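Coordinates from start.txt are shown below (compact mmCIF, C-alpha atoms and all ligand atoms).
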# COMPACT_ATOMS: atom_id res chain seq x y z
CA MET A 1 141.01 91.64 114.68
CA SER A 2 138.05 92.45 116.90
CA GLY A 3 136.28 95.71 117.55
CA ILE A 4 133.23 97.74 118.41
CA ILE A 5 131.16 98.70 115.35
CA LEU A 6 128.15 100.95 114.87
CA ALA A 7 125.92 99.75 112.00
CA ILE A 8 123.21 101.70 110.20
CA GLU A 9 120.37 100.27 108.08
CA SER A 10 118.31 102.59 105.85
CA SER A 11 117.60 100.62 102.65
CA CYS A 12 113.79 100.83 102.73
CA ASP A 13 111.30 101.99 105.36
CA GLU A 14 113.05 101.09 108.61
CA THR A 15 115.66 103.38 110.13
CA SER A 16 117.81 101.22 112.35
CA ALA A 17 121.11 101.33 114.24
CA SER A 18 122.97 98.64 116.16
CA VAL A 19 126.23 98.25 118.07
CA VAL A 20 128.23 95.02 117.91
CA SER A 21 131.27 94.25 120.02
CA ASN A 22 133.50 91.33 118.99
CA GLY A 23 130.58 89.66 117.20
CA LYS A 24 128.12 90.19 120.08
CA VAL A 25 125.14 92.46 119.38
CA LEU A 26 124.79 95.01 122.23
CA SER A 27 121.85 97.03 120.89
CA ASN A 28 119.39 97.08 117.99
CA ILE A 29 117.05 100.07 117.64
CA VAL A 30 114.46 99.96 114.83
CA SER A 31 112.18 102.85 113.89
CA THR A 32 109.46 101.78 111.43
CA GLN A 33 108.09 104.52 109.19
CA GLU A 34 104.30 104.67 109.49
CA VAL A 35 103.94 107.33 106.79
CA HIS A 36 103.70 104.76 103.94
CA GLN A 37 100.65 102.92 105.28
CA LYS A 38 98.08 105.23 103.75
CA TYR A 39 99.75 105.00 100.31
CA GLY A 40 99.61 101.19 100.18
CA GLY A 41 103.38 100.87 99.64
CA VAL A 42 106.71 102.57 100.31
CA VAL A 43 106.97 106.08 98.79
CA PRO A 44 110.73 106.53 98.15
CA GLU A 45 110.82 110.31 98.64
CA LEU A 46 108.96 110.07 101.95
CA ALA A 47 111.24 107.23 103.07
CA SER A 48 114.36 109.37 102.51
CA ARG A 49 112.87 112.27 104.46
CA ALA A 50 111.82 110.03 107.35
CA HIS A 51 115.33 108.47 107.49
CA GLN A 52 116.80 111.97 107.59
CA LYS A 53 114.57 112.83 110.52
CA ASN A 54 115.03 109.56 112.43
CA ILE A 55 118.67 108.70 111.91
CA LEU A 56 120.24 110.85 114.61
CA PRO A 57 117.87 109.84 117.45
CA VAL A 58 118.07 106.17 116.39
CA VAL A 59 121.89 106.18 116.36
CA SER A 60 122.03 108.03 119.72
CA GLU A 61 119.67 105.49 121.26
CA ALA A 62 121.65 102.53 119.89
CA LEU A 63 124.87 103.91 121.41
CA LYS A 64 123.14 104.66 124.70
CA ASP A 65 121.46 101.25 124.85
CA ALA A 66 124.82 99.56 124.26
CA ASN A 67 126.48 101.82 126.85
CA ILE A 68 129.07 102.83 124.26
CA LYS A 69 130.49 106.33 123.62
CA LYS A 70 131.09 107.24 120.01
CA THR A 71 134.81 107.61 120.77
CA ASP A 72 134.83 103.87 121.73
CA LEU A 73 133.91 102.88 118.16
CA ASN A 74 136.43 101.11 115.92
CA ALA A 75 134.37 101.29 112.69
CA VAL A 76 131.06 102.50 111.25
CA ALA A 77 129.03 100.31 108.87
CA PHE A 78 126.13 101.15 106.57
CA THR A 79 123.87 99.32 104.13
CA LYS A 80 125.43 99.89 100.71
CA GLY A 81 122.63 98.16 98.76
CA PRO A 82 120.38 96.82 97.40
CA GLY A 83 117.59 99.25 98.28
CA LEU A 84 116.09 102.65 97.47
CA LEU A 85 118.81 105.09 96.40
CA GLY A 86 117.56 108.11 98.35
CA ALA A 87 117.06 106.01 101.48
CA LEU A 88 120.51 104.39 101.17
CA LEU A 89 122.14 107.81 100.68
CA VAL A 90 120.92 109.00 104.07
CA GLY A 91 122.57 106.08 105.91
CA ALA A 92 125.71 106.19 103.77
CA SER A 93 126.22 109.94 104.24
CA PHE A 94 125.65 109.73 107.98
CA ALA A 95 128.12 106.82 108.30
CA LYS A 96 130.71 108.64 106.18
CA GLY A 97 130.44 111.73 108.35
CA MET A 98 130.95 109.69 111.52
CA ALA A 99 133.84 107.67 110.07
CA MET A 100 135.55 110.85 108.94
CA SER A 101 135.11 112.78 112.16
CA LEU A 102 136.19 109.83 114.34
CA ASP A 103 138.95 108.82 111.90
CA ILE A 104 137.84 105.17 111.86
CA PRO A 105 137.18 102.74 108.96
CA LEU A 106 133.92 102.68 107.00
CA ILE A 107 132.27 99.34 106.10
CA GLY A 108 129.69 98.93 103.27
CA VAL A 109 127.33 95.97 103.80
CA ASN A 110 125.18 94.05 101.31
CA HIS A 111 121.64 94.01 102.75
CA MET A 112 120.79 90.52 101.41
CA GLN A 113 124.01 88.98 102.76
CA ALA A 114 123.21 90.64 106.07
CA HIS A 115 119.72 89.04 106.18
CA ILE A 116 121.47 85.66 105.94
CA LEU A 117 124.09 86.57 108.55
CA ALA A 118 121.26 87.29 111.01
CA HIS A 119 121.64 83.54 111.70
CA PHE A 120 124.93 84.30 113.45
CA ILE A 121 123.49 86.76 115.99
CA ASP A 122 122.21 84.04 118.34
CA ASP A 123 122.81 80.34 118.97
CA PRO A 124 122.36 77.77 117.49
CA LYS A 125 124.34 78.81 114.43
CA PRO A 126 124.29 76.86 111.14
CA GLN A 127 127.31 74.85 109.99
CA PHE A 128 128.79 75.60 106.56
CA PRO A 129 127.80 75.00 103.86
CA PHE A 130 124.16 75.83 104.57
CA LEU A 131 121.28 76.51 102.24
CA CYS A 132 119.31 79.68 102.93
CA LEU A 133 115.91 80.62 101.56
CA THR A 134 116.01 84.42 101.60
CA VAL A 135 112.53 85.88 101.32
CA SER A 136 111.89 89.60 101.58
CA GLY A 137 109.88 92.42 100.03
CA GLY A 138 112.37 92.85 97.20
CA HIS A 139 114.07 89.44 96.85
CA THR A 140 113.43 85.71 96.78
CA GLN A 141 116.64 83.72 96.61
CA LEU A 142 118.08 80.31 97.34
CA VAL A 143 121.64 80.84 98.52
CA VAL A 144 124.43 78.37 99.28
CA VAL A 145 126.40 79.91 102.15
CA LYS A 146 129.96 78.58 102.16
CA SER A 147 131.40 80.90 104.82
CA PRO A 148 130.18 84.19 106.39
CA LEU A 149 131.07 86.22 103.32
CA GLU A 150 131.19 83.57 100.59
CA MET A 151 127.71 83.04 99.21
CA GLU A 152 126.33 81.78 95.90
CA VAL A 153 122.80 82.51 94.66
CA VAL A 154 121.63 79.25 93.06
CA GLY A 155 118.04 80.35 92.34
CA GLU A 156 115.89 83.47 92.45
CA THR A 157 112.60 84.96 91.35
CA ILE A 158 112.24 85.86 87.71
CA ASP A 159 109.59 88.51 88.48
CA ASP A 160 108.00 89.58 91.80
CA ALA A 161 109.49 88.78 95.20
CA VAL A 162 107.37 86.61 97.50
CA GLY A 163 107.00 89.50 99.99
CA GLU A 164 105.68 91.59 97.12
CA ALA A 165 103.21 88.80 96.30
CA PHE A 166 101.99 88.84 99.93
CA ASP A 167 101.72 92.65 99.90
CA LYS A 168 100.03 92.90 96.49
CA THR A 169 97.45 90.19 97.15
CA ALA A 170 96.74 91.84 100.51
CA LYS A 171 96.23 95.17 98.75
CA ILE A 172 93.77 93.51 96.33
CA MET A 173 91.80 92.42 99.42
CA GLY A 174 91.84 96.00 100.70
CA LEU A 175 94.33 95.32 103.52
CA ASP A 176 96.87 97.92 104.67
CA TYR A 177 100.58 97.96 103.79
CA PRO A 178 102.58 95.87 104.56
CA GLY A 179 100.04 93.14 103.93
CA GLY A 180 102.28 90.13 104.68
CA PRO A 181 101.85 90.20 108.47
CA LEU A 182 98.08 90.81 108.05
CA ILE A 183 97.65 87.81 105.74
CA ASP A 184 99.57 85.78 108.34
CA LYS A 185 97.18 87.00 111.07
CA PHE A 186 93.89 86.57 109.16
CA ALA A 187 94.97 83.16 107.82
CA GLN A 188 94.83 81.73 111.36
CA GLY A 189 91.68 79.65 111.44
CA GLY A 190 91.15 79.81 107.67
CA ASP A 191 91.08 76.79 105.34
CA PRO A 192 94.32 76.72 103.30
CA LEU A 193 92.84 74.32 100.75
CA LYS A 194 89.55 76.18 100.13
CA TYR A 195 90.73 78.13 97.07
CA PRO A 196 93.46 76.44 95.02
CA PHE A 197 95.50 78.94 92.98
CA PRO A 198 97.67 77.77 90.10
CA ASN A 199 101.42 77.28 90.42
CA VAL A 200 103.48 78.04 87.30
CA ASN A 201 106.33 75.67 86.53
CA ILE A 202 109.65 77.51 86.42
CA PRO A 203 112.87 75.62 85.67
CA ASP A 204 115.82 75.04 88.03
CA TYR A 205 115.75 76.68 91.45
CA ASN A 206 114.02 79.83 90.23
CA PHE A 207 110.63 81.19 91.28
CA SER A 208 107.78 83.19 89.72
CA PHE A 209 105.01 84.97 91.63
CA SER A 210 103.46 87.47 89.24
CA GLY A 211 101.00 84.95 87.71
CA ILE A 212 99.50 84.12 91.09
CA LYS A 213 98.80 87.76 91.81
CA THR A 214 96.94 88.05 88.48
CA ALA A 215 95.03 84.79 89.03
CA PHE A 216 94.02 86.04 92.49
CA LEU A 217 92.85 89.39 91.09
CA ASN A 218 90.79 87.74 88.33
CA PHE A 219 89.25 85.26 90.76
CA LEU A 220 88.19 88.01 93.17
CA ARG A 221 86.75 90.19 90.39
CA LYS A 222 84.57 87.28 89.29
CA GLU A 223 83.40 86.42 92.82
CA ASN A 224 82.77 90.09 93.64
CA GLN A 225 80.37 90.37 90.74
CA LYS A 226 78.27 87.61 92.30
CA ASN A 227 78.62 88.82 95.91
CA GLU A 228 80.05 92.23 96.75
CA ASN A 229 80.83 91.10 100.32
CA PHE A 230 82.78 88.06 99.11
CA ILE A 231 86.18 89.22 100.42
CA GLU A 232 84.89 90.30 103.82
CA GLU A 233 82.91 87.07 104.29
CA ASN A 234 85.79 84.81 103.23
CA LYS A 235 88.83 86.73 104.46
CA ALA A 236 90.29 83.95 106.61
CA ASP A 237 89.97 81.29 103.88
CA LEU A 238 91.32 83.64 101.20
CA CYS A 239 94.33 84.60 103.32
CA ALA A 240 95.01 80.98 104.31
CA SER A 241 94.70 79.81 100.67
CA ILE A 242 96.98 82.45 99.15
CA GLN A 243 99.52 81.97 101.94
CA HIS A 244 99.43 78.20 101.43
CA THR A 245 100.02 78.62 97.67
CA LEU A 246 102.98 80.98 98.14
CA ILE A 247 104.58 78.72 100.75
CA LYS A 248 104.08 75.64 98.55
CA ILE A 249 106.05 77.32 95.75
CA LEU A 250 108.89 78.23 98.11
CA MET A 251 109.01 74.77 99.70
CA LYS A 252 109.05 72.92 96.37
CA LYS A 253 112.26 74.64 95.28
CA LEU A 254 113.85 74.51 98.71
CA ILE A 255 113.25 70.73 98.91
CA LYS A 256 114.60 70.24 95.36
CA ALA A 257 117.76 72.26 96.06
CA ALA A 258 118.42 70.62 99.44
CA LYS A 259 118.13 67.17 97.85
CA GLU A 260 120.15 67.84 94.70
CA LEU A 261 122.87 69.85 96.43
CA ASN A 262 122.88 67.38 99.32
CA ILE A 263 122.68 70.00 102.08
CA LYS A 264 120.89 69.32 105.37
CA GLU A 265 121.71 72.61 107.13
CA ILE A 266 118.75 74.78 106.15
CA GLY A 267 117.90 78.38 107.07
CA ILE A 268 115.31 81.02 106.22
CA ALA A 269 115.94 84.75 106.28
CA GLY A 270 114.30 88.06 105.34
CA GLY A 271 110.97 89.65 106.26
CA VAL A 272 108.77 86.80 105.00
CA SER A 273 110.63 84.37 107.28
CA ALA A 274 108.59 86.02 110.07
CA ASN A 275 105.55 84.24 108.57
CA SER A 276 104.24 81.75 111.15
CA SER A 277 103.03 79.21 108.60
CA LEU A 278 106.33 79.27 106.65
CA ARG A 279 108.25 78.80 109.91
CA ASN A 280 106.06 75.83 110.92
CA THR A 281 106.12 74.28 107.45
CA ILE A 282 109.91 74.37 107.22
CA LEU A 283 110.33 72.97 110.73
CA GLU A 284 107.88 70.12 109.92
CA GLU A 285 109.58 69.37 106.60
CA GLY A 286 112.94 69.45 108.38
CA LYS A 287 111.80 66.71 110.77
CA LYS A 288 110.75 64.51 107.82
CA LYS A 289 113.92 65.11 105.82
CA GLY A 290 116.41 65.04 108.71
CA TRP A 291 117.42 68.68 108.17
CA ASN A 292 118.81 70.96 110.84
CA VAL A 293 116.53 73.98 110.43
CA TYR A 294 117.56 77.49 111.55
CA VAL A 295 114.93 80.20 111.94
CA PRO A 296 116.06 83.64 113.20
CA ASP A 297 114.25 85.50 116.01
CA PHE A 298 111.34 87.61 114.73
CA GLU A 299 113.18 90.88 115.39
CA HIS A 300 116.05 89.69 113.15
CA CYS A 301 113.81 88.60 110.22
CA THR A 302 112.45 91.98 109.09
CA ASP A 303 114.85 94.85 108.38
CA ASN A 304 117.12 95.67 111.30
CA ALA A 305 120.65 96.95 111.86
CA ALA A 306 121.77 94.03 114.06
CA MET A 307 122.13 91.92 110.90
CA ILE A 308 124.13 94.74 109.26
CA ALA A 309 126.32 94.85 112.37
CA MET A 310 126.87 91.08 112.17
CA ALA A 311 127.96 91.29 108.53
CA ALA A 312 130.16 94.28 109.40
CA HIS A 313 131.81 92.24 112.15
CA TYR A 314 132.99 89.65 109.62
CA GLN A 315 134.03 92.34 107.12
CA TYR A 316 135.97 94.15 109.85
CA GLU A 317 137.85 90.91 110.64
CA GLY A 318 138.74 90.64 106.93
CA LYS A 319 139.63 94.38 106.75
CA ASP A 320 137.04 94.86 104.03
CA PHE A 321 136.76 98.66 104.22
CA GLU A 322 135.29 101.34 101.94
CA ALA A 323 136.92 104.53 100.74
CA LEU A 324 135.20 107.69 101.99
CA ASN A 325 134.16 108.61 98.43
CA THR A 326 132.08 105.40 98.09
CA SER A 327 128.41 105.57 97.05
CA PRO A 328 125.47 103.24 97.65
CA ASN A 329 124.52 100.72 95.00
CA PRO A 330 120.70 100.29 94.74
CA ARG A 331 121.14 97.10 92.66
CA MET A 332 124.05 95.63 94.60
CA LYS A 333 124.67 91.92 93.98
CA PHE A 334 126.71 89.50 96.11
O1 LIG A 401 113.21 91.98 104.81
P1 LIG A 401 112.12 92.97 104.86
O2 LIG A 401 111.76 93.59 106.20
O3 LIG A 401 112.40 94.17 103.88
C1 LIG A 401 113.01 93.97 102.62
O4 LIG A 401 114.25 93.83 102.60
O5 LIG A 401 112.23 93.91 101.66
O6 LIG A 401 110.82 92.28 104.24
C2 LIG A 401 109.61 92.95 104.14
C3 LIG A 401 108.58 91.97 103.59
C4 LIG A 401 107.25 92.65 103.27
O7 LIG A 401 106.84 92.21 101.99
C5 LIG A 401 106.32 92.10 104.36
O8 LIG A 401 104.97 92.00 103.97
C6 LIG A 401 106.91 90.73 104.59
O9 LIG A 401 108.31 90.94 104.55
N1 LIG A 401 106.51 90.15 105.88
C7 LIG A 401 105.70 89.09 105.99
C8 LIG A 401 105.50 88.87 107.38
N2 LIG A 401 106.22 89.82 108.06
C9 LIG A 401 106.83 90.60 107.12
N3 LIG A 401 105.13 88.31 105.07
C10 LIG A 401 104.35 87.31 105.49
N4 LIG A 401 104.11 87.04 106.78
C11 LIG A 401 104.66 87.79 107.77
N5 LIG A 401 104.42 87.51 109.05
ZN ZN A 402 115.37 93.37 104.00
Could the structure of this file be written out as structure tokens, please?
Amino acid sequence: MSGIILAIESSCDETSASVVSNGKVLSNIVSTQEVHQKYGGVVPELASRAHQKNILPVVSEALKDANIKKTDLNAVAFTKGPGLLGALLVGASFAKGMAMSLDIPLIGVNHMQAHILAHFIDDPKPQFPFLCLTVSGGHTQLVVVKSPLEMEVVGETIDDAVGEAFDKTAKIMGLDYPGGPLIDKFAQGGDPLKYPFPNVNIPDYNFSFSGIKTAFLNFLRKENQKNENFIEENKADLCASIQHTLIKILMKKLIKAAKELNIKEIGIAGGVSANSSLRNTILEEGKKKGWNVYVPDFEHCTDNAAMIAMAAHYQYEGKDFEALNTSPNPRMKF
């Protein structure tokens, strides 16, 4: 069964809509909410309001860009979870309204599965089973992907997500939100080995990032007492060092899982997979280990509706539809 699907993403601070036709993405419009920058993090209430304001123009543009009329649609998809409840409700309600008025099926997509399925938007596509390191602002997971909709989380963070660790350490340095891309930028030219930060040993394929944030904070407090310009004078080295530490933690568990589970098809997904150093490190490691490494395009790493559309395409094929009285699930699991 193939069809034309409109997909809506509204789980956090990006309002996005995309149209997919028979598994081919025709449009992907993303509107990033600037309003959170001055608060140093996403303010849920403001996110919901901004989604409410942006959703109609974003959907209209996605349809226009794809050259599709709404009466051509065979289904409407939305992000069901995980995410912020108020933000999810805006996308879900809009999708329900469209599905009802057009009398077409409604599809509820898991945001984290969709990040992984971003690998199927463009070629080359991974072979199954593949191992995906999913790294975002809310999650850090190692996932064995057995088929488009059959996935098993084999490891995850026991506290903060790695994106959160990037954002929180950036905030400690006085950088704007989201800090991840800024750390990436300032780390260029810095010495990654200048400031070694401790790595806590966590069993299995799980991760922990909260200790590093605290160690970083304590270190900077101490240095600031000696020199109040310490951060400004050492920004590149600090960014490179913290980035190096976070990537080392991710790589250690990825290498362990790939070896023990005997998987050589390796992918990264989620916002942090836009990090240039993580992308290079995984490609380099892949060469040494004989992995086939898959890294999505930048625009498909951070939140976008094309990945929701891709997941919806597979769900549509499997007739995995939602009833119109469905509600979002902020803590949705696989
Ligand atoms: O997947 P995503 O857009 O939203 C969630 O589902 O959470 O991920 C957002 C996270 C933020 O923590 C942001 O700082 C991080 O991805 N991020 C980066 C980079 N680009 C985005 N972290 C490090 N380096 C980057 N270049
Ligand atoms: Zn995301």
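Distance annotation: of A:Asn325, A:Asp65, A:Cys301, A:Ile183, the residue with the minimal separation from A:Val25 is A:Asp65; atom set is all atoms listed in the file.
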As AutoDock Vina command-line options, what would the box around ligand LIG 401 (chain A) look like: edges along x, y and z, 8 Å added on every side, centre and edge lengths in Å to one decimal?
--center_x 109.2 --center_y 90.6 --center_z 105.4 --size_x 26.1 --size_y 23.1 --size_z 23.4
Go through the chains and note each residue within 9 Å of ligand LIG 401 (chain A), using only C-alpha atoms and all ligand atoms, then give the set as JSON, numbers by chain.
{"A": [11, 12, 13, 14, 82, 83, 111, 112, 115, 134, 135, 136, 137, 138, 139, 161, 162, 163, 164, 165, 166, 167, 168, 170, 177, 178, 179, 180, 181, 182, 183, 184, 185, 243, 269, 270, 271, 272, 273, 274, 275, 276, 277, 278, 298, 301, 302, 303, 304]}
Keeping only C-alpha atoms, take the residues you just selected and write them out as a short mmCIF file (atom, residue, chain, number, x, y, z; two decimals), in the coordinates of the input.
data_model
loop_
_atom_site.label_atom_id
_atom_site.label_comp_id
_atom_site.auth_asym_id
_atom_site.auth_seq_id
_atom_site.Cartn_x
_atom_site.Cartn_y
_atom_site.Cartn_z
CA SER A 11 117.60 100.62 102.65
CA CYS A 12 113.79 100.83 102.73
CA ASP A 13 111.30 101.99 105.36
CA GLU A 14 113.05 101.09 108.61
CA PRO A 82 120.38 96.82 97.40
CA GLY A 83 117.59 99.25 98.28
CA HIS A 111 121.64 94.01 102.75
CA MET A 112 120.79 90.52 101.41
CA HIS A 115 119.72 89.04 106.18
CA THR A 134 116.01 84.42 101.60
CA VAL A 135 112.53 85.88 101.32
CA SER A 136 111.89 89.60 101.58
CA GLY A 137 109.88 92.42 100.03
CA GLY A 138 112.37 92.85 97.20
CA HIS A 139 114.07 89.44 96.85
CA ALA A 161 109.49 88.78 95.20
CA VAL A 162 107.37 86.61 97.50
CA GLY A 163 107.00 89.50 99.99
CA GLU A 164 105.68 91.59 97.12
CA ALA A 165 103.21 88.80 96.30
CA PHE A 166 101.99 88.84 99.93
CA ASP A 167 101.72 92.65 99.90
CA LYS A 168 100.03 92.90 96.49
CA ALA A 170 96.74 91.84 100.51
CA TYR A 177 100.58 97.96 103.79
CA PRO A 178 102.58 95.87 104.56
CA GLY A 179 100.04 93.14 103.93
CA GLY A 180 102.28 90.13 104.68
CA PRO A 181 101.85 90.20 108.47
CA LEU A 182 98.08 90.81 108.05
CA ILE A 183 97.65 87.81 105.74
CA ASP A 184 99.57 85.78 108.34
CA LYS A 185 97.18 87.00 111.07
CA GLN A 243 99.52 81.97 101.94
CA ALA A 269 115.94 84.75 106.28
CA GLY A 270 114.30 88.06 105.34
CA GLY A 271 110.97 89.65 106.26
CA VAL A 272 108.77 86.80 105.00
CA SER A 273 110.63 84.37 107.28
CA ALA A 274 108.59 86.02 110.07
CA ASN A 275 105.55 84.24 108.57
CA SER A 276 104.24 81.75 111.15
CA SER A 277 103.03 79.21 108.60
CA LEU A 278 106.33 79.27 106.65
CA PHE A 298 111.34 87.61 114.73
CA CYS A 301 113.81 88.60 110.22
CA THR A 302 112.45 91.98 109.09
CA ASP A 303 114.85 94.85 108.38
CA ASN A 304 117.12 95.67 111.30
#
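Between atom CA of A:Met307 and atom CA of A:Ile263 the interatomic distance comes to 23.6 Å.
Nearest-residue note for A:Ile268: choosing from A:Ala305, A:Leu117, A:Leu220, A:Ile212, the minimum distance belongs to A:Leu117, counting all atoms listed in the file.
One distance worth recording is that between atom CA of A:Met151 and atom CA of A:Phe128, which is 10.5 Å.
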Which residue gives the smallest distance to ligand ZN 402 (chain A) among A:Ser93, A:Asn218, A:Asn110, A:Val295, with all atoms listed in the file counted?
A:Asn110
Closest of A:Ala87, A:Val153, A:Leu133, A:Ala114 to ligand ZN 402 (chain A), counting only C-alpha atoms and all ligand atoms, is A:Ala114
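Between A:Val59 and the residues A:Leu6, A:Leu193, A:Ala118, A:Ile255, the shortest atom-to-atom distance, using all atoms listed in the file, involves A:Leu6.
Minimum atom-to-atom distance to A:Asn74, evaluated using only C-alpha atoms, belongs to A:Ala312 out of A:Leu250, A:Ile282, A:Val293, A:Ala312.
Taking atom CA of A:Phe219 and atom CA of A:Phe186 as the two end points, the separation is 19.0 Å.
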So that I can see what lies close to A:Ala323, please list as a VMD selection string the residues with an atom at most 12 Å from it, counting only C-alpha atoms and leaving out residues fewer than 2 positions away in the same chain.
chain A and resid 92 95 to 96 99 to 100 104 to 108 320 to 321 325 to 328
Quick one: everything within 9 Å of A:Gly211, counting only C-alpha atoms, minus sequence neighbours fewer than 5 positions away in the same chain. Send it as a PyMOL selection string.
chain A and resi 198-200+216
Reconstruct N, CA and C atoms of stretch 34-49 of chain A from the incomplete input and present them as a short mmCIF file (atom, residue, chain, number, x, y, z; two decimals), in the frame of the given file.
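Writing the result to selection-v1.cif gives the following:
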data_model
loop_
_atom_site.label_atom_id
_atom_site.label_comp_id
_atom_site.auth_asym_id
_atom_site.auth_seq_id
_atom_site.Cartn_x
_atom_site.Cartn_y
_atom_site.Cartn_z
N GLU A 34 105.74 104.92 109.62
CA GLU A 34 104.30 104.67 109.49
C GLU A 34 103.72 105.40 108.27
N VAL A 35 104.46 106.41 107.80
CA VAL A 35 103.94 107.33 106.79
C VAL A 35 103.46 106.63 105.51
N HIS A 36 104.01 105.43 105.21
CA HIS A 36 103.70 104.76 103.94
C HIS A 36 102.36 104.03 103.94
N GLN A 37 101.85 103.75 105.15
CA GLN A 37 100.65 102.92 105.28
C GLN A 37 99.50 103.41 104.41
N LYS A 38 99.26 104.72 104.46
CA LYS A 38 98.08 105.23 103.75
C LYS A 38 98.27 105.24 102.23
N TYR A 39 99.51 105.03 101.76
CA TYR A 39 99.75 105.00 100.31
C TYR A 39 99.75 103.57 99.76
N GLY A 40 99.66 102.58 100.63
CA GLY A 40 99.61 101.19 100.18
C GLY A 40 100.95 100.67 99.69
N GLY A 41 102.04 101.32 100.04
CA GLY A 41 103.38 100.87 99.64
C GLY A 41 104.38 101.94 100.01
N VAL A 42 105.68 101.62 99.89
CA VAL A 42 106.71 102.57 100.31
C VAL A 42 106.86 103.68 99.26
N VAL A 43 106.76 104.93 99.68
CA VAL A 43 106.97 106.08 98.79
C VAL A 43 108.42 106.53 98.98
N PRO A 44 109.29 106.31 97.96
CA PRO A 44 110.73 106.53 98.15
C PRO A 44 111.10 107.90 98.71
N GLU A 45 110.49 108.95 98.19
CA GLU A 45 110.82 110.31 98.64
C GLU A 45 110.50 110.49 100.13
N LEU A 46 109.35 109.94 100.54
CA LEU A 46 108.96 110.07 101.95
C LEU A 46 109.87 109.22 102.84
N ALA A 47 110.33 108.09 102.30
CA ALA A 47 111.24 107.23 103.07
C ALA A 47 112.53 107.98 103.35
N SER A 48 113.10 108.63 102.32
CA SER A 48 114.36 109.37 102.51
C SER A 48 114.18 110.45 103.57
N ARG A 49 113.09 111.18 103.49
CA ARG A 49 112.87 112.27 104.46
C ARG A 49 112.73 111.72 105.87
#
